[in-house]
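*Asks:* One structure, pasted below without further comment.
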4 protein chains.
Amino acid sequence: MLDPADKRRMLTRLKRIEGQVAAVRRMVDEDSYCVDVLVQIAAARGALGKAGTVLLGAHVEHCVRDAFERGDAEERQAKVDELMDVFARYAGVAR
Amino acid sequence: MLDPADKRRMLTRLKRIEGQVAAVRRMVDEDSYCVDVLVQIAAARGALGKAGTVLLGAHVEHCVRDAFERGDAEERQAKVDELMDVFARYAGVAR
Amino acid sequence: MLDPADKRRMLTRLKRIEGQVAAVRRMVDEDSYCVDVLVQIAAARGALGKAGTVLLGAHVEHCVRDAFERGDAEERQAKVDELMDVFARYAGVAR
Amino acid sequence: MLDPADKRRMLTRLKRIEGQVAAVRRMVDEDSYCVDVLVQIAAARGALGKAGTVLLGAHVEHCVRDAFERGDAEERQAKVDELMDVFARYAGVAR
């Protein structure tokens, strides 16, 4: 899925997001102002969305491409359906 | 991009969304309760997200597949970059 | 809910969004490139989100404020619950 | 902002989300299928959105209410502006 360099970068990215969520937790624990906490939660959500975007790129480049080059009609359709489902989840669309 | 049957369905879907937005406008004009208007705006946004999901499916099935089957490395990369950009727009991710 | 000037601006805003959705429909009808259509659909969604944000501001300023100044505990709680429901709808959170 | 019971629940909720992000990181490390990872990232985003919704409710109930009951016009306007900014961030609307 991810080549070694992309995988290393993705792991770093996710580690950083864990740190963002831990920082949000500390803010709540220290009774920080709600709006500051809400802004940091939105930032962590944004970072997860960015991680998802990068991973989606790798997925299309590798897995979807493989299915299109080597797969049969059924496998290709399965990849398209999966992508639509993932897209809908991130776009906040009910399925 | 869209085969004739899918295109006809997409046109109907978009016509219906225009009607939803027009209905929201009438609600504002008639001083409807804000929360009712906000819920209908959210419904129209959801319907646009659904239209986007369907169109994305057709796009991957036709355009992306063509690029993967017939295009060179540059065209394939262009399709992946476009998909990531579109995904980020719908996921509300800053680019 | 909206004072006359804000109402007029909101009606203009919604009329413009109807135009954006109609333009998307024409793009589909003319077989425009899917990604261009997807970008315009995302723009219309963004415009609806912006309209929702403006309306929410007016709602809090007038209706929520009224409930907080004049309402009893039940009315205040109803306003808070409504706001959370609306927020969740726009944030794409399952309720 | 949060009363003691709500604060305890929020801390537990955020701790769980840290665990979700850590689990996503392990999935990437073990080369799990991209789509499975994308679905779990979407779930963590959804959980953050839910946490934001709950916190927003508490914010309106306490801070906004205080400003409306005791604050002057400037403070009330500041609360409305903050709420619109937060709403736009979660709705993925450019400001």
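Going through the structure tokens in order, the chains are called A, B, and so on, while each chain numbers its residues from 1 and the ligands are numbered from 1 in the order shown.
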Could you please tell me, as a VMD selection string, which residues of chain D have an atom within 7 Å of chain C when using only C-alpha atoms?
*Replies:* chain D and resid 46 49 to 50 53 56 to 57 60 to 61 65 68 to 69 80 84 87 to 88 90 to 91 93
*Asks:* For the residues in the current selection, export all heavy atoms as a short mmCIF file (atom, residue, chain, number, x, y, z; two decimals), in the first residue's frame.
*Replies:*
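Full text of again.cif as output:
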data_model
loop_
_atom_site.label_atom_id
_atom_site.label_comp_id
_atom_site.auth_asym_id
_atom_site.auth_seq_id
_atom_site.Cartn_x
_atom_site.Cartn_y
_atom_site.Cartn_z
N GLY D 46 -15.05 11.10 13.30
CA GLY D 46 -16.44 11.18 13.76
C GLY D 46 -16.49 11.31 15.28
O GLY D 46 -17.28 12.10 15.82
N GLY D 49 -15.67 14.76 16.22
CA GLY D 49 -16.81 15.63 15.93
C GLY D 49 -17.87 15.52 17.02
O GLY D 49 -18.46 16.52 17.43
N LYS D 50 -18.08 14.29 17.50
CA LYS D 50 -19.05 14.06 18.59
C LYS D 50 -18.57 14.75 19.86
O LYS D 50 -19.36 15.41 20.55
CB LYS D 50 -19.20 12.55 18.79
CG LYS D 50 -20.32 12.12 19.72
CD LYS D 50 -21.66 12.13 19.01
CE LYS D 50 -22.80 11.62 19.89
NZ LYS D 50 -23.26 12.55 20.90
N THR D 53 -19.25 18.33 19.56
CA THR D 53 -20.67 18.63 19.72
C THR D 53 -21.06 18.71 21.19
O THR D 53 -21.78 19.62 21.61
CB THR D 53 -21.53 17.56 19.01
OG1 THR D 53 -21.11 17.47 17.65
CG2 THR D 53 -23.01 17.88 19.07
N LEU D 56 -19.54 21.81 22.69
CA LEU D 56 -20.28 22.99 22.24
C LEU D 56 -21.56 23.17 23.06
O LEU D 56 -21.91 24.30 23.43
CB LEU D 56 -20.63 22.86 20.76
CG LEU D 56 -21.44 24.04 20.23
CD1 LEU D 56 -20.55 24.94 19.39
CD2 LEU D 56 -22.65 23.59 19.45
N GLY D 57 -22.24 22.06 23.33
CA GLY D 57 -23.46 22.13 24.14
C GLY D 57 -23.15 22.74 25.50
O GLY D 57 -23.86 23.66 25.96
N VAL D 60 -22.39 26.52 25.21
CA VAL D 60 -23.58 27.37 25.04
C VAL D 60 -24.32 27.47 26.37
O VAL D 60 -24.73 28.55 26.79
CB VAL D 60 -24.49 26.82 23.92
CG1 VAL D 60 -25.81 27.60 23.86
CG2 VAL D 60 -23.77 26.90 22.57
N GLU D 61 -24.45 26.32 27.03
CA GLU D 61 -25.21 26.25 28.28
C GLU D 61 -24.58 27.13 29.36
O GLU D 61 -25.29 27.72 30.17
CB GLU D 61 -25.21 24.79 28.76
CG GLU D 61 -26.50 24.37 29.41
CD GLU D 61 -26.51 22.86 29.57
OE1 GLU D 61 -26.10 22.16 28.61
OE2 GLU D 61 -26.88 22.40 30.66
N ARG D 65 -24.51 31.51 27.75
CA ARG D 65 -25.61 31.93 28.62
C ARG D 65 -25.17 33.02 29.59
O ARG D 65 -25.87 34.02 29.77
CB ARG D 65 -26.11 30.71 29.39
CG ARG D 65 -27.32 31.00 30.24
CD ARG D 65 -27.81 29.75 30.92
NE ARG D 65 -28.54 30.10 32.11
CZ ARG D 65 -28.93 29.24 33.03
NH1 ARG D 65 -28.62 27.96 32.89
NH2 ARG D 65 -29.61 29.63 34.08
N PHE D 68 -24.91 36.26 27.83
CA PHE D 68 -26.21 36.80 27.49
C PHE D 68 -26.90 37.35 28.74
O PHE D 68 -27.65 38.32 28.67
CB PHE D 68 -27.09 35.74 26.82
CG PHE D 68 -26.75 35.53 25.37
CD1 PHE D 68 -27.36 34.53 24.62
CD2 PHE D 68 -25.80 36.34 24.73
CE1 PHE D 68 -27.05 34.35 23.28
CE2 PHE D 68 -25.48 36.15 23.40
CZ PHE D 68 -26.11 35.16 22.67
N GLU D 69 -26.67 36.70 29.87
CA GLU D 69 -27.36 37.14 31.08
C GLU D 69 -26.65 38.31 31.76
O GLU D 69 -27.28 39.19 32.30
CB GLU D 69 -27.50 35.97 32.07
CG GLU D 69 -28.59 34.98 31.61
CD GLU D 69 -28.72 33.80 32.56
OE1 GLU D 69 -27.99 33.75 33.56
OE2 GLU D 69 -29.56 32.94 32.28
N VAL D 80 -21.18 35.39 19.99
CA VAL D 80 -21.83 35.00 18.73
C VAL D 80 -20.78 34.79 17.64
O VAL D 80 -20.80 33.80 16.90
CB VAL D 80 -22.88 36.06 18.30
CG1 VAL D 80 -23.40 35.77 16.91
CG2 VAL D 80 -24.03 36.11 19.30
N MET D 84 -19.90 31.32 15.56
CA MET D 84 -19.94 31.23 14.11
C MET D 84 -18.60 30.72 13.56
O MET D 84 -18.56 29.90 12.64
CB MET D 84 -20.25 32.60 13.48
CG MET D 84 -21.70 33.02 13.69
SD MET D 84 -22.03 34.72 13.08
CE MET D 84 -21.82 34.49 11.30
N PHE D 87 -18.45 26.97 14.38
CA PHE D 87 -19.39 26.28 13.50
C PHE D 87 -18.77 26.12 12.11
O PHE D 87 -18.80 25.03 11.51
CB PHE D 87 -20.68 27.10 13.42
CG PHE D 87 -21.79 26.46 12.65
CD1 PHE D 87 -22.58 25.48 13.24
CD2 PHE D 87 -22.07 26.84 11.34
CE1 PHE D 87 -23.63 24.89 12.54
CE2 PHE D 87 -23.11 26.26 10.65
CZ PHE D 87 -23.89 25.28 11.24
N ALA D 88 -18.19 27.21 11.58
CA ALA D 88 -17.59 27.17 10.24
C ALA D 88 -16.44 26.16 10.18
O ALA D 88 -16.29 25.43 9.20
CB ALA D 88 -17.11 28.57 9.84
N TYR D 90 -16.07 23.40 11.91
CA TYR D 90 -16.56 22.01 11.91
C TYR D 90 -17.36 21.71 10.64
O TYR D 90 -17.43 20.56 10.22
CB TYR D 90 -17.40 21.74 13.17
CG TYR D 90 -16.54 21.52 14.38
CD1 TYR D 90 -16.01 22.60 15.07
CD2 TYR D 90 -16.19 20.24 14.80
CE1 TYR D 90 -15.17 22.42 16.17
CE2 TYR D 90 -15.36 20.05 15.91
CZ TYR D 90 -14.86 21.14 16.58
OH TYR D 90 -14.04 20.96 17.66
N ALA D 91 -17.98 22.73 10.07
CA ALA D 91 -18.76 22.51 8.84
C ALA D 91 -17.84 22.51 7.61
O ALA D 91 -18.30 22.30 6.50
CB ALA D 91 -19.82 23.60 8.70
N VAL D 93 -16.24 25.03 6.35
CA VAL D 93 -16.49 26.23 5.56
C VAL D 93 -15.28 27.16 5.66
O VAL D 93 -14.79 27.41 6.77
CB VAL D 93 -17.74 26.98 6.10
CG1 VAL D 93 -17.94 28.30 5.39
CG2 VAL D 93 -18.97 26.11 5.99
#
*Asks:* Compile the contact shell of Leu11 in chain B as a list in words: residues with an atom at most 8 Å away, counting only C-alpha atoms, same-chain residues fewer than 4 positions apart removed.
*Replies:*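 Using only C-alpha atoms, the neighbours found are Lys7 and Lys15 of chain B; Arg25, Val28 and Asp29 of chain C.
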*Asks:* Output, as a short mmCIF file (atom, residue, chain, number, x, y, z; two decimals) with N, CA, C and O atoms, in the first residue's frame, the coordinates of chain A following least-squares superposition onto chain D across all in-order C-alpha pairs.
*Replies:*
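Contents of the output file out04.cif:
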data_model
loop_
_atom_site.label_atom_id
_atom_site.label_comp_id
_atom_site.auth_asym_id
_atom_site.auth_seq_id
_atom_site.Cartn_x
_atom_site.Cartn_y
_atom_site.Cartn_z
N MET A 1 -16.77 25.53 32.87
CA MET A 1 -17.23 25.10 31.55
C MET A 1 -17.99 23.78 31.67
O MET A 1 -19.19 23.71 31.51
N LEU A 2 -17.24 22.71 32.01
CA LEU A 2 -17.88 21.40 32.17
C LEU A 2 -18.05 21.16 33.66
O LEU A 2 -17.12 21.39 34.45
N ASP A 3 -19.21 20.67 34.06
CA ASP A 3 -19.33 20.30 35.48
C ASP A 3 -18.52 19.00 35.69
O ASP A 3 -18.16 18.32 34.72
N PRO A 4 -18.20 18.66 36.95
CA PRO A 4 -17.28 17.54 37.21
C PRO A 4 -17.66 16.23 36.51
O PRO A 4 -16.79 15.56 35.94
N ALA A 5 -18.94 15.87 36.50
CA ALA A 5 -19.34 14.60 35.87
C ALA A 5 -19.11 14.66 34.36
O ALA A 5 -18.59 13.72 33.75
N ASP A 6 -19.50 15.79 33.72
CA ASP A 6 -19.31 15.95 32.27
C ASP A 6 -17.83 15.97 31.92
O ASP A 6 -17.42 15.44 30.88
N LYS A 7 -17.03 16.61 32.79
CA LYS A 7 -15.58 16.68 32.54
C LYS A 7 -14.98 15.28 32.57
O LYS A 7 -14.19 14.93 31.69
N ARG A 8 -15.37 14.47 33.56
CA ARG A 8 -14.85 13.10 33.67
C ARG A 8 -15.21 12.30 32.41
O ARG A 8 -14.40 11.61 31.84
N ARG A 9 -16.47 12.45 31.98
CA ARG A 9 -16.91 11.74 30.77
C ARG A 9 -16.13 12.20 29.54
O ARG A 9 -15.78 11.41 28.67
N MET A 10 -15.89 13.53 29.45
CA MET A 10 -15.15 14.07 28.29
C MET A 10 -13.72 13.55 28.28
O MET A 10 -13.18 13.20 27.22
N LEU A 11 -13.09 13.48 29.46
CA LEU A 11 -11.71 12.97 29.53
C LEU A 11 -11.66 11.50 29.08
O LEU A 11 -10.76 11.10 28.34
N THR A 12 -12.65 10.71 29.50
CA THR A 12 -12.72 9.30 29.08
C THR A 12 -12.90 9.21 27.56
O THR A 12 -12.26 8.40 26.89
N ARG A 13 -13.79 10.06 27.05
CA ARG A 13 -14.07 10.08 25.61
C ARG A 13 -12.79 10.39 24.82
O ARG A 13 -12.49 9.74 23.83
N LEU A 14 -12.03 11.39 25.30
CA LEU A 14 -10.82 11.80 24.57
C LEU A 14 -9.73 10.72 24.69
O LEU A 14 -9.00 10.46 23.73
N LYS A 15 -9.64 10.10 25.87
CA LYS A 15 -8.68 9.00 26.07
C LYS A 15 -8.98 7.87 25.05
O LYS A 15 -8.06 7.30 24.46
N ARG A 16 -10.28 7.59 24.87
CA ARG A 16 -10.68 6.55 23.93
C ARG A 16 -10.28 6.94 22.49
O ARG A 16 -9.84 6.10 21.70
N ILE A 17 -10.43 8.22 22.15
CA ILE A 17 -10.06 8.67 20.80
C ILE A 17 -8.54 8.53 20.59
O ILE A 17 -8.10 8.11 19.52
N GLU A 18 -7.75 8.87 21.63
CA GLU A 18 -6.30 8.64 21.53
C GLU A 18 -6.03 7.17 21.20
O GLU A 18 -5.19 6.85 20.36
N GLY A 19 -6.76 6.29 21.86
CA GLY A 19 -6.62 4.85 21.60
C GLY A 19 -7.00 4.51 20.16
O GLY A 19 -6.33 3.69 19.51
N GLN A 20 -8.04 5.17 19.64
CA GLN A 20 -8.44 4.92 18.24
C GLN A 20 -7.32 5.33 17.29
O GLN A 20 -7.02 4.63 16.33
N VAL A 21 -6.72 6.50 17.54
CA VAL A 21 -5.65 6.98 16.66
C VAL A 21 -4.43 6.06 16.77
O VAL A 21 -3.79 5.73 15.76
N ALA A 22 -4.12 5.61 18.00
CA ALA A 22 -3.00 4.67 18.18
C ALA A 22 -3.27 3.37 17.42
O ALA A 22 -2.36 2.79 16.81
N ALA A 23 -4.54 2.93 17.43
CA ALA A 23 -4.89 1.70 16.71
C ALA A 23 -4.72 1.90 15.20
O ALA A 23 -4.28 0.98 14.50
N VAL A 24 -5.08 3.09 14.70
CA VAL A 24 -4.87 3.40 13.28
C VAL A 24 -3.38 3.31 12.95
O VAL A 24 -2.98 2.73 11.94
N ARG A 25 -2.56 3.85 13.85
CA ARG A 25 -1.11 3.83 13.62
C ARG A 25 -0.60 2.38 13.55
O ARG A 25 0.18 2.04 12.67
N ARG A 26 -1.09 1.54 14.45
CA ARG A 26 -0.67 0.13 14.41
C ARG A 26 -1.12 -0.53 13.11
O ARG A 26 -0.39 -1.33 12.53
N MET A 27 -2.35 -0.18 12.64
CA MET A 27 -2.83 -0.75 11.38
C MET A 27 -1.89 -0.39 10.23
O MET A 27 -1.57 -1.22 9.37
N VAL A 28 -1.46 0.88 10.19
CA VAL A 28 -0.53 1.31 9.14
C VAL A 28 0.78 0.56 9.28
O VAL A 28 1.35 0.07 8.30
N ASP A 29 1.26 0.44 10.52
CA ASP A 29 2.54 -0.24 10.77
C ASP A 29 2.48 -1.70 10.30
O ASP A 29 3.48 -2.24 9.83
N GLU A 30 1.32 -2.31 10.45
CA GLU A 30 1.17 -3.72 10.06
C GLU A 30 0.69 -3.87 8.61
O GLU A 30 0.22 -4.94 8.22
N ASP A 31 0.77 -2.79 7.83
CA ASP A 31 0.38 -2.82 6.42
C ASP A 31 -1.05 -3.31 6.19
O ASP A 31 -1.30 -4.08 5.25
N SER A 32 -1.98 -2.86 7.05
CA SER A 32 -3.39 -3.22 6.85
C SER A 32 -3.89 -2.64 5.53
O SER A 32 -3.31 -1.68 5.00
N TYR A 33 -4.98 -3.19 5.05
CA TYR A 33 -5.55 -2.72 3.78
C TYR A 33 -6.00 -1.25 3.93
O TYR A 33 -6.72 -0.90 4.87
N CYS A 34 -5.58 -0.41 2.98
CA CYS A 34 -5.81 1.04 3.03
C CYS A 34 -7.26 1.40 3.37
O CYS A 34 -7.51 2.33 4.15
N VAL A 35 -8.20 0.71 2.75
CA VAL A 35 -9.60 1.08 2.94
C VAL A 35 -10.03 0.83 4.39
O VAL A 35 -10.77 1.63 4.97
N ASP A 36 -9.50 -0.24 5.01
CA ASP A 36 -9.81 -0.49 6.42
C ASP A 36 -9.24 0.64 7.29
O ASP A 36 -9.89 1.10 8.23
N VAL A 37 -8.03 1.09 6.94
CA VAL A 37 -7.42 2.19 7.70
C VAL A 37 -8.24 3.47 7.49
O VAL A 37 -8.53 4.19 8.46
N LEU A 38 -8.63 3.74 6.23
CA LEU A 38 -9.42 4.94 5.93
C LEU A 38 -10.73 4.96 6.72
O LEU A 38 -11.16 6.01 7.20
N VAL A 39 -11.36 3.79 6.85
CA VAL A 39 -12.62 3.70 7.61
C VAL A 39 -12.38 3.99 9.09
O VAL A 39 -13.16 4.71 9.73
N GLN A 40 -11.26 3.49 9.64
CA GLN A 40 -10.97 3.77 11.06
C GLN A 40 -10.58 5.22 11.29
O GLN A 40 -10.89 5.80 12.34
N ILE A 41 -9.89 5.83 10.32
CA ILE A 41 -9.58 7.27 10.44
C ILE A 41 -10.89 8.06 10.43
O ILE A 41 -11.08 8.99 11.22
N ALA A 42 -11.81 7.67 9.54
CA ALA A 42 -13.11 8.36 9.50
C ALA A 42 -13.85 8.19 10.82
O ALA A 42 -14.51 9.13 11.31
N ALA A 43 -13.73 7.02 11.45
CA ALA A 43 -14.39 6.78 12.74
C ALA A 43 -13.80 7.69 13.82
O ALA A 43 -14.54 8.26 14.63
N ALA A 44 -12.46 7.83 13.83
CA ALA A 44 -11.82 8.71 14.82
C ALA A 44 -12.23 10.17 14.59
O ALA A 44 -12.50 10.90 15.55
N ARG A 45 -12.31 10.57 13.31
CA ARG A 45 -12.79 11.93 12.99
C ARG A 45 -14.21 12.13 13.51
O ARG A 45 -14.56 13.17 14.05
N GLY A 46 -15.05 11.12 13.30
CA GLY A 46 -16.44 11.19 13.76
C GLY A 46 -16.49 11.32 15.28
O GLY A 46 -17.28 12.11 15.81
N ALA A 47 -15.63 10.57 15.97
CA ALA A 47 -15.60 10.62 17.43
C ALA A 47 -15.16 12.00 17.92
O ALA A 47 -15.69 12.53 18.90
N LEU A 48 -14.20 12.61 17.20
CA LEU A 48 -13.79 13.97 17.56
C LEU A 48 -14.93 14.96 17.31
O LEU A 48 -15.15 15.89 18.10
N GLY A 49 -15.66 14.77 16.22
CA GLY A 49 -16.80 15.64 15.93
C GLY A 49 -17.87 15.52 17.01
O GLY A 49 -18.47 16.51 17.43
N LYS A 50 -18.07 14.29 17.50
CA LYS A 50 -19.05 14.06 18.58
C LYS A 50 -18.57 14.74 19.86
O LYS A 50 -19.37 15.40 20.56
N ALA A 51 -17.27 14.61 20.17
CA ALA A 51 -16.72 15.28 21.35
C ALA A 51 -16.91 16.80 21.23
O ALA A 51 -17.30 17.46 22.20
N GLY A 52 -16.67 17.32 20.03
CA GLY A 52 -16.86 18.75 19.79
C GLY A 52 -18.32 19.17 20.02
O GLY A 52 -18.59 20.22 20.60
N THR A 53 -19.24 18.33 19.56
CA THR A 53 -20.67 18.63 19.72
C THR A 53 -21.06 18.70 21.19
O THR A 53 -21.78 19.63 21.62
N VAL A 54 -20.57 17.75 21.97
CA VAL A 54 -20.88 17.72 23.41
C VAL A 54 -20.30 18.96 24.09
O VAL A 54 -20.97 19.63 24.90
N LEU A 55 -19.06 19.29 23.74
CA LEU A 55 -18.39 20.45 24.34
C LEU A 55 -19.11 21.74 23.94
O LEU A 55 -19.26 22.66 24.76
N LEU A 56 -19.55 21.80 22.69
CA LEU A 56 -20.28 22.99 22.23
C LEU A 56 -21.56 23.17 23.05
O LEU A 56 -21.92 24.29 23.42
N GLY A 57 -22.24 22.06 23.33
CA GLY A 57 -23.46 22.13 24.14
C GLY A 57 -23.16 22.74 25.50
O GLY A 57 -23.85 23.67 25.96
N ALA A 58 -22.09 22.25 26.14
CA ALA A 58 -21.71 22.76 27.47
C ALA A 58 -21.33 24.24 27.37
O ALA A 58 -21.67 25.05 28.25
N HIS A 59 -20.63 24.58 26.29
CA HIS A 59 -20.20 25.97 26.10
C HIS A 59 -21.40 26.92 25.99
O HIS A 59 -21.43 27.98 26.63
N VAL A 60 -22.39 26.51 25.21
CA VAL A 60 -23.57 27.37 25.03
C VAL A 60 -24.33 27.46 26.35
O VAL A 60 -24.74 28.54 26.78
N GLU A 61 -24.45 26.32 27.01
CA GLU A 61 -25.20 26.25 28.27
C GLU A 61 -24.57 27.12 29.35
O GLU A 61 -25.28 27.71 30.17
N HIS A 62 -23.25 27.20 29.37
CA HIS A 62 -22.59 27.93 30.44
C HIS A 62 -22.06 29.27 29.97
O HIS A 62 -22.58 30.31 30.34
N CYS A 63 -21.05 29.26 29.09
CA CYS A 63 -20.34 30.51 28.74
C CYS A 63 -21.24 31.47 27.96
O CYS A 63 -21.31 32.66 28.26
N VAL A 64 -21.94 30.93 26.92
CA VAL A 64 -22.76 31.84 26.11
C VAL A 64 -23.92 32.36 26.96
O VAL A 64 -24.23 33.56 26.93
N ARG A 65 -24.51 31.49 27.75
CA ARG A 65 -25.61 31.90 28.62
C ARG A 65 -25.17 33.01 29.58
O ARG A 65 -25.87 34.00 29.78
N ASP A 66 -23.99 32.84 30.19
CA ASP A 66 -23.46 33.87 31.09
C ASP A 66 -23.34 35.21 30.38
O ASP A 66 -23.73 36.24 30.92
N ALA A 67 -22.77 35.16 29.17
CA ALA A 67 -22.56 36.41 28.42
C ALA A 67 -23.91 37.07 28.12
O ALA A 67 -24.04 38.30 28.17
N PHE A 68 -24.91 36.24 27.83
CA PHE A 68 -26.22 36.80 27.48
C PHE A 68 -26.93 37.34 28.72
O PHE A 68 -27.68 38.30 28.64
N GLU A 69 -26.68 36.70 29.85
CA GLU A 69 -27.37 37.15 31.07
C GLU A 69 -26.66 38.31 31.75
O GLU A 69 -27.29 39.18 32.32
N ARG A 70 -25.30 38.28 31.68
CA ARG A 70 -24.57 39.28 32.46
C ARG A 70 -23.73 40.22 31.62
O ARG A 70 -23.34 41.29 32.08
N GLY A 71 -23.41 39.81 30.39
CA GLY A 71 -22.45 40.58 29.61
C GLY A 71 -23.06 41.83 28.96
O GLY A 71 -24.29 41.97 28.90
N ASP A 72 -22.20 42.70 28.47
CA ASP A 72 -22.70 43.86 27.71
C ASP A 72 -22.78 43.46 26.22
O ASP A 72 -22.47 42.32 25.86
N ALA A 73 -23.22 44.40 25.40
CA ALA A 73 -23.45 44.12 23.98
C ALA A 73 -22.18 43.57 23.31
O ALA A 73 -22.24 42.65 22.49
N GLU A 74 -21.03 44.14 23.71
CA GLU A 74 -19.77 43.73 23.09
C GLU A 74 -19.43 42.26 23.42
O GLU A 74 -19.04 41.48 22.54
N GLU A 75 -19.60 41.89 24.69
CA GLU A 75 -19.34 40.50 25.09
C GLU A 75 -20.29 39.54 24.40
O GLU A 75 -19.90 38.45 24.00
N ARG A 76 -21.55 39.94 24.28
CA ARG A 76 -22.53 39.06 23.61
C ARG A 76 -22.13 38.85 22.16
O ARG A 76 -22.15 37.75 21.64
N GLN A 77 -21.75 39.98 21.49
CA GLN A 77 -21.34 39.87 20.08
C GLN A 77 -20.11 38.99 19.95
O GLN A 77 -20.01 38.18 19.02
N ALA A 78 -19.18 39.09 20.90
CA ALA A 78 -17.97 38.27 20.86
C ALA A 78 -18.33 36.79 20.93
O ALA A 78 -17.75 35.96 20.21
N LYS A 79 -19.30 36.44 21.78
CA LYS A 79 -19.71 35.04 21.90
C LYS A 79 -20.34 34.54 20.59
O LYS A 79 -20.10 33.41 20.17
N VAL A 80 -21.18 35.38 19.99
CA VAL A 80 -21.83 34.99 18.73
C VAL A 80 -20.76 34.79 17.64
O VAL A 80 -20.79 33.80 16.91
N ASP A 81 -19.80 35.72 17.57
CA ASP A 81 -18.74 35.61 16.55
C ASP A 81 -17.92 34.33 16.76
O ASP A 81 -17.60 33.63 15.80
N GLU A 82 -17.59 34.04 18.02
CA GLU A 82 -16.84 32.82 18.33
C GLU A 82 -17.60 31.57 17.88
O GLU A 82 -17.03 30.66 17.31
N LEU A 83 -18.90 31.55 18.19
CA LEU A 83 -19.71 30.38 17.83
C LEU A 83 -19.75 30.20 16.31
O LEU A 83 -19.68 29.08 15.80
N MET A 84 -19.89 31.32 15.56
CA MET A 84 -19.92 31.24 14.11
C MET A 84 -18.59 30.71 13.58
O MET A 84 -18.54 29.89 12.66
N ASP A 85 -17.50 31.17 14.19
CA ASP A 85 -16.18 30.71 13.76
C ASP A 85 -16.02 29.21 14.02
O ASP A 85 -15.57 28.46 13.15
N VAL A 86 -16.44 28.75 15.20
CA VAL A 86 -16.34 27.33 15.55
C VAL A 86 -17.23 26.49 14.60
O VAL A 86 -16.80 25.47 14.07
N PHE A 87 -18.43 26.96 14.39
CA PHE A 87 -19.37 26.27 13.50
C PHE A 87 -18.76 26.10 12.10
O PHE A 87 -18.78 25.02 11.52
N ALA A 88 -18.19 27.19 11.58
CA ALA A 88 -17.59 27.16 10.24
C ALA A 88 -16.43 26.16 10.19
O ALA A 88 -16.28 25.42 9.21
N ARG A 89 -15.62 26.11 11.26
CA ARG A 89 -14.49 25.16 11.28
C ARG A 89 -14.99 23.72 11.18
O ARG A 89 -14.41 22.90 10.48
N TYR A 90 -16.07 23.40 11.92
CA TYR A 90 -16.55 22.01 11.92
C TYR A 90 -17.34 21.71 10.65
O TYR A 90 -17.41 20.56 10.22
N ALA A 91 -17.97 22.72 10.06
CA ALA A 91 -18.74 22.51 8.84
C ALA A 91 -17.83 22.50 7.62
O ALA A 91 -18.29 22.31 6.50
N GLY A 92 -16.52 22.72 7.84
CA GLY A 92 -15.58 22.72 6.72
C GLY A 92 -15.80 23.91 5.79
O GLY A 92 -15.58 23.80 4.59
N VAL A 93 -16.22 25.05 6.37
CA VAL A 93 -16.48 26.24 5.57
C VAL A 93 -15.27 27.16 5.68
O VAL A 93 -14.79 27.43 6.78
N ALA A 94 -14.79 27.65 4.55
CA ALA A 94 -13.69 28.61 4.56
C ALA A 94 -14.18 29.89 5.20
O ALA A 94 -15.32 30.30 5.02
N ARG A 95 -13.31 30.51 6.00
CA ARG A 95 -13.72 31.77 6.64
C ARG A 95 -12.94 32.94 6.08
O ARG A 95 -11.96 32.74 5.38
#
*Asks:* When DSSP is applied to the backbone of this structure, which of chain B are assigned alpha helix (DSSP H)? Write them out as a ChimeraX atom specification.
*Replies:* /B:4-29,34-59,65-70,73-91
